[in-house]
$ cat work-v7.cif   # mmCIF, C-alpha atoms
data_work
#
loop_
_atom_site.label_atom_id
_atom_site.label_comp_id
_atom_site.auth_asym_id
_atom_site.auth_seq_id
_atom_site.Cartn_x
_atom_site.Cartn_y
_atom_site.Cartn_z
CA MET A 1 314.97 51.87 146.40
CA THR A 2 311.30 52.82 146.33
CA GLY A 3 309.96 51.71 142.98
CA ARG A 4 312.15 53.82 140.70
CA VAL A 5 315.33 52.46 139.19
CA PRO A 6 317.96 55.17 138.70
CA GLY A 7 320.26 55.63 135.75
CA THR A 8 320.22 55.34 131.97
CA HIS A 9 321.42 52.43 129.86
CA ARG A 10 321.77 51.97 126.13
CA CYS A 11 319.62 49.20 124.65
CA ARG A 12 317.09 48.52 121.95
CA ARG A 13 313.64 47.17 122.85
CA ARG A 14 311.71 44.81 120.60
CA ASP A 15 308.07 44.07 121.45
CA LEU A 16 307.03 40.45 121.00
CA SER A 17 303.68 39.04 119.91
CA ASP A 18 302.90 37.82 123.45
CA GLY A 19 303.19 41.34 124.84
CA SER A 20 306.58 40.80 126.46
CA ALA A 21 309.71 42.64 125.40
CA ARG A 22 313.33 41.95 124.69
CA PHE A 23 316.27 44.35 124.85
CA VAL A 24 318.44 43.47 121.91
CA GLY A 25 321.28 45.85 121.36
CA VAL A 26 322.76 49.16 122.31
CA SER A 27 321.99 51.42 119.38
CA ASP A 28 319.08 53.32 120.95
CA VAL A 29 318.96 55.13 124.28
CA ALA A 30 316.28 53.84 126.68
CA THR A 31 315.32 56.45 129.21
CA SER A 32 314.99 55.61 132.87
CA ALA A 33 311.22 56.09 132.61
CA ALA A 34 310.96 53.56 129.78
CA ILE A 35 312.97 50.92 131.64
CA GLU A 36 311.09 51.58 134.85
CA SER A 37 307.79 51.11 133.03
CA GLN A 38 308.94 47.74 131.70
CA LEU A 39 309.94 46.57 135.17
CA GLU A 40 306.91 47.96 136.99
CA ALA A 41 304.58 46.02 134.70
CA HIS A 42 305.82 42.86 136.44
CA ARG A 43 305.92 44.15 140.05
CA ALA A 44 302.69 42.61 141.36
CA GLU A 45 303.27 39.13 139.96
CA LEU A 46 306.91 39.11 141.07
CA THR A 47 305.91 40.26 144.56
CA GLY A 48 303.34 37.46 144.68
CA TYR A 49 305.97 34.94 143.64
CA CYS A 50 308.47 36.19 146.22
CA TYR A 51 305.78 36.28 148.92
CA ARG A 52 304.91 32.63 148.33
CA MET A 53 308.61 31.80 148.43
CA LEU A 54 309.45 33.82 151.55
CA GLY A 55 306.22 33.98 153.59
CA SER A 56 306.64 37.68 154.37
CA ALA A 57 305.20 40.69 152.57
CA PHE A 58 308.11 42.86 153.70
CA GLU A 59 310.79 40.40 152.59
CA ALA A 60 308.95 39.92 149.29
CA GLU A 61 309.03 43.63 148.56
CA ASP A 62 312.72 43.76 149.45
CA ALA A 63 313.35 40.82 147.10
CA VAL A 64 311.55 42.52 144.22
CA GLN A 65 313.45 45.76 144.76
CA ASP A 66 316.71 43.78 144.69
CA THR A 67 315.50 42.01 141.53
CA PHE A 68 314.76 45.31 139.80
CA LEU A 69 318.12 46.76 140.81
CA ARG A 70 319.96 43.72 139.46
CA ALA A 71 317.88 43.81 136.27
CA TRP A 72 318.67 47.49 135.78
CA ARG A 73 322.36 46.92 136.19
CA GLY A 74 322.28 43.94 133.85
CA PHE A 75 320.31 45.35 130.91
CA ASP A 76 323.45 45.87 128.83
CA ARG A 77 324.32 42.18 129.27
CA PHE A 78 320.75 40.93 128.81
CA GLU A 79 320.65 41.47 125.04
CA GLY A 80 317.38 39.63 124.52
CA ARG A 81 318.56 36.13 125.35
CA SER A 82 315.10 35.42 126.81
CA ALA A 83 311.79 37.19 127.34
CA LEU A 84 312.01 39.97 129.90
CA ARG A 85 309.46 38.24 132.17
CA SER A 86 311.44 34.98 132.25
CA TRP A 87 314.65 36.87 132.91
CA LEU A 88 313.10 38.74 135.85
CA TYR A 89 311.78 35.49 137.34
CA ARG A 90 315.26 33.97 137.07
CA ILE A 91 316.72 36.93 138.98
CA ALA A 92 313.90 36.89 141.56
CA THR A 93 314.35 33.15 142.12
CA ASN A 94 318.07 33.57 142.76
CA VAL A 95 317.38 36.45 145.15
CA CYS A 96 314.85 34.37 147.09
CA LEU A 97 317.08 31.29 147.22
CA THR A 98 319.89 33.42 148.62
CA MET A 99 317.60 34.93 151.24
CA LEU A 100 316.29 31.51 152.24
CA GLY A 101 319.79 30.10 152.57
CA SER A 102 320.32 31.85 155.90
CA ALA A 103 316.71 32.12 157.12
CA GLN A 104 314.69 29.96 159.48
CA ARG A 105 311.43 28.49 158.25
CA ARG A 106 308.47 30.79 158.87
CA VAL A 107 305.51 29.18 160.66
CA ARG A 108 302.07 29.81 162.09
CA PRO A 109 301.38 29.42 165.83
CA MET A 110 299.64 26.12 165.07
CA ASP A 111 302.99 24.72 163.86
CA LEU A 112 304.70 25.27 167.20
CA GLY A 113 302.70 22.96 169.44
CA PRO A 114 299.25 21.95 170.67
CA ALA A 115 296.44 24.43 171.29
CA GLY A 116 296.47 26.25 174.59
CA SER A 117 293.75 26.99 177.12
CA GLY A 118 291.37 29.89 176.75
CA ARG A 119 291.70 30.43 180.50
CA ALA A 120 295.41 31.11 180.23
CA THR A 121 296.45 34.51 181.50
CA ASP A 122 299.90 34.41 179.89
CA PRO A 123 299.91 34.09 176.09
CA GLY A 124 303.68 33.64 176.06
CA GLU A 125 306.54 35.92 175.09
CA PRO A 126 306.28 37.52 171.63
CA ARG A 127 308.48 35.81 169.05
CA PRO A 128 310.58 37.78 166.50
CA GLU A 129 308.88 38.84 163.27
CA GLU A 130 310.96 36.42 161.21
CA THR A 131 309.28 33.53 163.07
CA TRP A 132 305.91 34.01 161.42
CA VAL A 133 304.19 33.69 158.08
CA GLY A 134 302.71 37.16 157.73
CA PRO A 135 299.70 38.61 155.91
CA VAL A 136 299.82 40.49 152.62
CA PRO A 137 297.35 42.81 150.83
CA ASP A 138 295.88 41.22 147.72
CA SER A 139 296.60 44.39 145.76
CA ARG A 140 300.36 44.00 146.31
CA VAL A 141 300.66 40.45 144.97
CA LEU A 142 297.84 39.76 142.50
CA PRO A 143 298.02 41.32 139.02
CA GLU A 144 294.76 42.84 137.84
CA SER A 145 292.68 40.44 135.76
CA ALA A 146 289.31 40.68 134.06
CA ASP A 147 288.85 36.90 134.31
CA PRO A 148 287.02 35.95 137.55
CA ALA A 149 288.59 32.48 137.42
CA ASP A 150 292.07 33.99 137.46
CA VAL A 151 291.13 36.18 140.42
CA VAL A 152 289.83 33.21 142.43
CA ALA A 153 292.88 31.08 141.55
CA GLY A 154 295.20 33.89 142.56
CA ARG A 155 293.47 34.33 145.91
CA GLU A 156 293.58 30.60 146.61
CA SER A 157 297.33 30.53 146.03
CA ILE A 158 298.06 33.18 148.67
CA ARG A 159 295.88 31.75 151.45
CA LEU A 160 297.72 31.75 154.78
CA ALA A 161 297.50 27.96 155.14
CA PHE A 162 298.87 27.38 151.64
CA VAL A 163 301.76 29.84 152.03
CA ALA A 164 302.58 28.29 155.43
CA ALA A 165 302.57 24.82 153.87
CA LEU A 166 304.96 26.00 151.16
CA GLN A 167 307.48 26.91 153.86
CA HIS A 168 307.83 23.20 154.69
CA LEU A 169 309.37 22.58 151.26
CA PRO A 170 313.09 22.93 150.53
CA PRO A 171 313.62 26.23 148.68
CA ARG A 172 314.21 24.76 145.21
CA GLN A 173 311.23 22.42 145.53
CA ARG A 174 309.20 25.43 146.63
CA ALA A 175 310.21 27.34 143.51
CA VAL A 176 309.40 24.39 141.26
CA LEU A 177 305.94 23.88 142.75
CA ILE A 178 305.03 27.58 142.58
CA LEU A 179 306.23 27.93 139.01
CA ARG A 180 304.59 24.72 137.80
CA ASP A 181 301.34 24.47 139.80
CA VAL A 182 300.59 28.11 140.62
CA LEU A 183 302.01 30.01 137.64
CA ALA A 184 301.52 27.17 135.11
CA TRP A 185 305.03 27.24 133.66
CA SER A 186 306.06 24.23 131.60
CA ALA A 187 308.64 21.78 132.93
CA GLN A 188 311.07 22.94 130.25
CA GLU A 189 310.63 26.60 131.19
CA VAL A 190 311.29 25.80 134.85
CA ALA A 191 314.29 23.68 133.95
CA ASP A 192 315.71 26.55 131.90
CA LEU A 193 315.14 29.00 134.74
CA LEU A 194 316.78 26.77 137.37
CA GLU A 195 319.49 25.59 134.96
CA THR A 196 318.62 21.95 135.49
CA SER A 197 316.95 19.11 133.56
CA VAL A 198 313.28 18.39 132.95
CA PRO A 199 313.48 15.03 134.82
CA SER A 200 314.97 16.88 137.80
CA VAL A 201 312.11 19.39 137.73
CA ASN A 202 309.51 16.62 137.50
CA SER A 203 311.10 14.74 140.40
CA ALA A 204 311.18 17.86 142.57
CA LEU A 205 307.55 18.61 141.71
CA GLN A 206 306.47 15.09 142.65
CA ARG A 207 308.18 15.32 146.05
CA ALA A 208 306.75 18.80 146.68
CA ARG A 209 303.22 17.67 145.87
CA ALA A 210 303.58 14.70 148.22
CA THR A 211 304.68 16.99 151.05
CA LEU A 212 301.71 19.31 150.53
CA ALA A 213 299.31 16.36 150.33
CA ALA A 214 300.62 15.12 153.68
CA ALA A 215 299.98 18.56 155.17
CA ASN A 216 296.24 17.92 154.62
CA LEU A 217 295.37 21.56 153.96
CA THR A 218 291.87 22.54 154.98
CA ALA A 219 289.83 24.01 152.15
CA THR A 220 288.68 27.55 152.87
CA ASP A 221 286.63 30.04 150.87
CA VAL A 222 288.39 32.98 149.25
CA TYR A 223 286.93 36.45 149.37
CA ARG A 224 284.02 36.95 146.96
CA PRO A 225 282.67 40.49 147.36
CA MET A 226 279.63 39.77 145.18
CA ASP A 227 278.61 36.66 147.12
CA GLU A 228 275.49 37.55 149.14
CA GLU A 229 275.88 34.72 151.66
CA GLN A 230 279.49 35.63 152.39
CA THR A 231 278.63 39.33 152.64
CA ALA A 232 275.87 38.56 155.13
CA LEU A 233 278.21 36.41 157.23
CA LEU A 234 280.81 39.18 157.40
CA ALA A 235 278.14 41.73 158.35
CA ARG A 236 276.99 39.48 161.20
CA TYR A 237 280.59 39.08 162.34
CA VAL A 238 281.17 42.84 162.41
CA ARG A 239 277.95 43.43 164.38
CA ALA A 240 278.73 40.67 166.87
CA PHE A 241 282.35 41.69 167.40
CA GLU A 242 281.74 45.42 167.69
CA ALA A 243 278.89 44.76 170.13
CA TYR A 244 281.08 42.14 171.82
CA ASP A 245 278.13 39.76 171.74
CA LEU A 246 279.98 36.51 172.40
CA ASP A 247 276.85 34.36 172.06
CA ALA A 248 276.20 35.76 168.58
CA LEU A 249 279.87 35.40 167.69
CA THR A 250 279.92 31.76 168.82
CA LYS A 251 277.10 30.94 166.39
CA LEU A 252 279.26 32.17 163.50
CA LEU A 253 282.20 29.88 164.31
CA HIS A 254 282.85 26.29 163.34
CA GLU A 255 283.05 24.05 166.40
CA ASP A 256 286.76 23.49 165.82
CA ALA A 257 287.54 27.10 164.82
CA THR A 258 290.98 28.43 165.76
CA LEU A 259 292.23 31.74 167.16
CA SER A 260 295.85 32.86 166.82
CA MET A 261 297.66 36.09 167.69
CA PRO A 262 301.18 36.39 166.18
CA PRO A 263 303.70 37.39 167.44
CA LEU A 264 302.29 35.63 170.54
CA PRO A 265 302.73 31.83 170.37
CA LEU A 266 299.44 30.96 172.10
CA TRP A 267 296.68 29.64 169.88
CA LEU A 268 293.26 28.24 170.71
CA ARG A 269 290.85 25.75 169.19
CA GLY A 270 287.10 25.38 169.69
CA HIS A 271 284.15 27.43 170.91
CA ASP A 272 284.79 27.00 174.61
CA ASP A 273 288.43 28.09 174.67
CA ILE A 274 287.95 30.98 172.22
CA MET A 275 285.01 32.37 174.19
CA ALA A 276 286.81 31.82 177.51
CA TRP A 277 289.73 33.86 176.19
CA MET A 278 287.55 36.63 174.79
CA SER A 279 285.56 36.94 178.01
CA GLY A 280 288.68 36.78 180.17
CA THR A 281 292.17 37.93 179.18
CA GLY A 282 290.97 39.22 175.81
CA CYS A 283 288.09 41.30 177.16
CA GLY A 284 290.03 44.49 176.40
CA CYS A 285 288.72 44.11 172.85
CA ARG A 286 285.25 45.09 174.05
CA GLY A 287 284.17 48.28 172.29
CA SER A 288 286.45 47.72 169.27
CA ARG A 289 285.75 49.01 165.79
CA LEU A 290 286.57 47.21 162.55
CA VAL A 291 287.69 48.62 159.19
CA PRO A 292 287.45 46.17 156.25
CA VAL A 293 290.40 45.26 154.02
CA VAL A 294 291.41 42.16 152.05
CA ALA A 295 294.41 39.98 152.95
CA ASN A 296 295.68 36.71 151.50
CA GLY A 297 292.62 36.30 149.34
CA MET A 298 290.41 36.45 152.43
CA PRO A 299 288.27 39.05 154.19
CA ALA A 300 290.17 40.98 156.82
CA PHE A 301 289.71 43.92 159.18
CA GLY A 302 291.82 46.49 160.91
CA GLN A 303 290.78 46.24 164.58
CA TYR A 304 290.90 49.35 166.75
CA ARG A 305 290.43 49.11 170.53
CA PRO A 306 289.17 51.97 172.69
CA SER A 307 292.05 54.28 173.48
CA SER A 308 293.44 54.35 177.02
CA THR A 309 293.14 58.13 176.83
CA GLY A 310 289.35 57.77 176.68
CA SER A 311 289.14 59.38 173.25
CA GLY A 312 288.99 57.52 169.94
CA HIS A 313 290.34 54.08 169.06
CA ASP A 314 293.92 52.87 168.68
CA PRO A 315 295.24 50.10 166.38
CA TRP A 316 295.25 46.67 167.96
CA SER A 317 295.37 43.95 165.29
CA LEU A 318 294.86 42.99 161.69
CA VAL A 319 292.19 40.28 161.75
CA VAL A 320 292.29 37.83 158.84
CA LEU A 321 289.29 35.52 158.68
CA GLU A 322 289.24 32.06 157.16
CA LEU A 323 285.76 31.03 156.02
CA SER A 324 284.39 27.61 155.23
CA ASP A 325 280.85 26.39 154.44
CA GLY A 326 279.16 29.57 155.60
CA ARG A 327 280.99 29.88 158.93
CA ILE A 328 284.27 31.21 160.30
CA ALA A 329 286.98 28.55 160.49
CA ALA A 330 289.81 30.71 161.85
CA LEU A 331 290.42 34.10 163.43
CA ASN A 332 294.00 35.24 162.77
CA HIS A 333 294.93 38.36 164.77
CA PHE A 334 298.26 39.87 163.68
CA LEU A 335 299.35 42.32 166.37
CA ASP A 336 302.25 44.11 164.65
CA THR A 337 300.10 47.09 163.72
CA ALA A 338 303.03 49.51 163.46
CA ARG A 339 304.17 47.72 160.29
CA LEU A 340 300.96 46.13 159.03
CA PHE A 341 298.52 49.03 159.17
CA PRO A 342 300.59 51.26 156.83
CA LEU A 343 301.06 48.27 154.51
CA PHE A 344 297.28 47.86 154.26
CA GLY A 345 296.57 51.60 154.02
CA LEU A 346 294.77 51.65 157.39
CA PRO A 347 294.61 54.88 159.44
CA ASP A 348 296.91 55.16 162.45
CA ARG A 349 293.89 55.68 164.72
CA LEU A 350 290.14 56.30 164.60
CA GLY A 351 288.62 59.44 166.04
#
$ encode --input "work-v7.cif" --output "structure tokens"
Amino acid sequence: MTGRVPGTHRCRRRDLSDGSARFVGVSDVATSAAIESQLEAHRAELTGYCYRMLGSAFEAEDAVQDTFLRAWRGFDRFEGRSALRSWLYRIATNVCLTMLGSAQRRVRPMDLGPAGSGRATDPGEPRPEETWVGPVPDSRVLPESADPADVVAGRESIRLAFVAALQHLPPRQRAVLILRDVLAWSAQEVADLLETSVPSVNSALQRARATLAAANLTATDVYRPMDEEQTALLARYVRAFEAYDLDALTKLLHEDATLSMPPLPLWLRGHDDIMAWMSGTGCGCRGSRLVPVVANGMPAFGQYRPSSTGSGHDPWSLVVLELSDGRIAALNHFLDTARLFPLFGLPDRLG
């Protein structure tokens, strides 16, 4: 299914004062376009919820499509027993819990072992896609908002480090924490959704918060396009990387900055190892061009390396930067360009 839900069901829609809707009967015919419009209004926020639950943009979109299909088929039985939004979240939660029941926990390379050496010539065998927490375009998971505070909060809640930390939680704890601390649902609302008690929700939330606190997440700066200092830092990064000026690039990095390259398991920490890698095994990136995008609430770039044909540039990686205190704290290179570049609307090559 690609965003349209087929078929026609009989129901009556009643708009509520909070802008949500309930379907409360079968006397009027709701066209497929009307039902689709009701569902599509919730697509971005549901995709964001499923992405935080699953750690994969592709699995999140599959989960939302499954949610919409189940909602379509169940409209006749829905009959306004709850707000449409709450009902969709209940379905999405059940879809995600089912998917997580047979899935391994997604990780980042830093979760697999200690940092490697920048002088390594073998970065290791690529791991399957389902191993990794993957990037996601902001536009797919963050509903539009005119409130800058909501935009910043949304970006903070999809940071790679935060989504990776969520994967350490048992699935139901994960759902409770996202619904309570990210989406600001009440304990009663979450209890109703999960068909459990308020004390059970509060207990799960307490355990989930303790697990995240133990993860000691590093604070990073979300993307702020109007911030002059951040804009200047990104401009310096683009100039240094495209010129492959490693001295200039080093000055932009924190001393303990990290470099990772999923699906390869090797990751590096610190100036010396990152520069040793870039001047050695990674020197094929010399002459690259960067195209800006936004991923996980952070600045990102589609990286294109010079083509082996000698003409133009071919996709090489999606680079997601983590910024902190005016410098770059992490360089995350995701190499699965065949799937990621179309997701981010990046061209298949540069002339």
$ resolve_selection --input "work-v7.cif" --expression "the PyMOL selection byres ((chain A and resi 141-149) around 8)" --output "count of residues only"
18
$ resolve_selection --input "work-v7.cif" --expression "the PyMOL selection byres ((chain A and resi 273) around 12)" --output "list in words"
Ala115, Gly116, Ser117, Gly118, Arg119, Ala120, Thr250, Glu255, Asp256, Ala257, Thr258, Leu259, Ser260, Leu266, Trp267, Leu268, Arg269, Gly270, His271, Asp272, Ile274, Met275, Ala276, Trp277, Met278, Ser279, Gly280, Thr281 and Gly282 of chain A
$ resolve_selection --input "work-v7.cif" --expression "the PyMOL selection byres ((chain A and resi 220) around 6)" --output "VMD selection string"
chain A and resid 219 221 323 to 324
$ residues_around --input "work-v7.cif" --residues "A:Pro263" --least-positions-apart "4" --cutoff "12 Å" --atoms "only C-alpha atoms" --output "compact mmCIF listing (two decimals) with C-alpha atoms, in the coordinates of the input"
# COMPACT_ATOMS: atom_id res chain seq x y z
CA ARG A 106 308.47 30.79 158.87
CA VAL A 107 305.51 29.18 160.66
CA ARG A 108 302.07 29.81 162.09
CA PRO A 109 301.38 29.42 165.83
CA PRO A 123 299.91 34.09 176.09
CA GLY A 124 303.68 33.64 176.06
CA GLU A 125 306.54 35.92 175.09
CA PRO A 126 306.28 37.52 171.63
CA ARG A 127 308.48 35.81 169.05
CA PRO A 128 310.58 37.78 166.50
CA GLU A 129 308.88 38.84 163.27
CA GLU A 130 310.96 36.42 161.21
CA THR A 131 309.28 33.53 163.07
CA TRP A 132 305.91 34.01 161.42
CA VAL A 133 304.19 33.69 158.08
CA GLY A 134 302.71 37.16 157.73
CA TRP A 267 296.68 29.64 169.88
CA SER A 317 295.37 43.95 165.29
CA LEU A 318 294.86 42.99 161.69
CA ASN A 332 294.00 35.24 162.77
CA HIS A 333 294.93 38.36 164.77
CA PHE A 334 298.26 39.87 163.68
CA LEU A 335 299.35 42.32 166.37
CA ASP A 336 302.25 44.11 164.65
CA THR A 337 300.10 47.09 163.72
$ atom_distance --input "work-v7.cif" --atom1 "atom CA of A:Ser288" --atom2 "atom CA of A:Ile158"
27.8 Å
$ closest_residue --input "work-v7.cif" --among "A:Arg327, A:Arg286, A:Arg180, A:His313" --to "A:Glu229" --atoms "all atoms listed in the file"
A:Arg327
$ closest_residue --input "work-v7.cif" --among "A:Val291, A:Ala41, A:Leu346, A:Ala184" --to "A:Ala235" --atoms "all atoms listed in the file"
A:Val291
$ closest_residue --input "work-v7.cif" --among "A:Arg85, A:Val95, A:Gln173, A:Ala329" --to "A:Arg207" --atoms "only C-alpha atoms"
A:Gln173
$ closest_residue --input "work-v7.cif" --among "A:Ser200, A:Pro262, A:Ile35, A:Gly297" --to "A:Leu69" --atoms "all atoms listed in the file"
A:Ile35
$ closest_residue --input "work-v7.cif" --among "A:His168, A:Leu205, A:Val176, A:Leu343" --to "A:Leu193" --atoms "only C-alpha atoms"
A:Val176
$ residues_around --input "work-v7.cif" --residues "A:Val238" --least-positions-apart "5" --cutoff "9 Å" --atoms "all atoms listed in the file" --output "list in words"
Leu233, Ala243, Arg289 and Leu290 of chain A
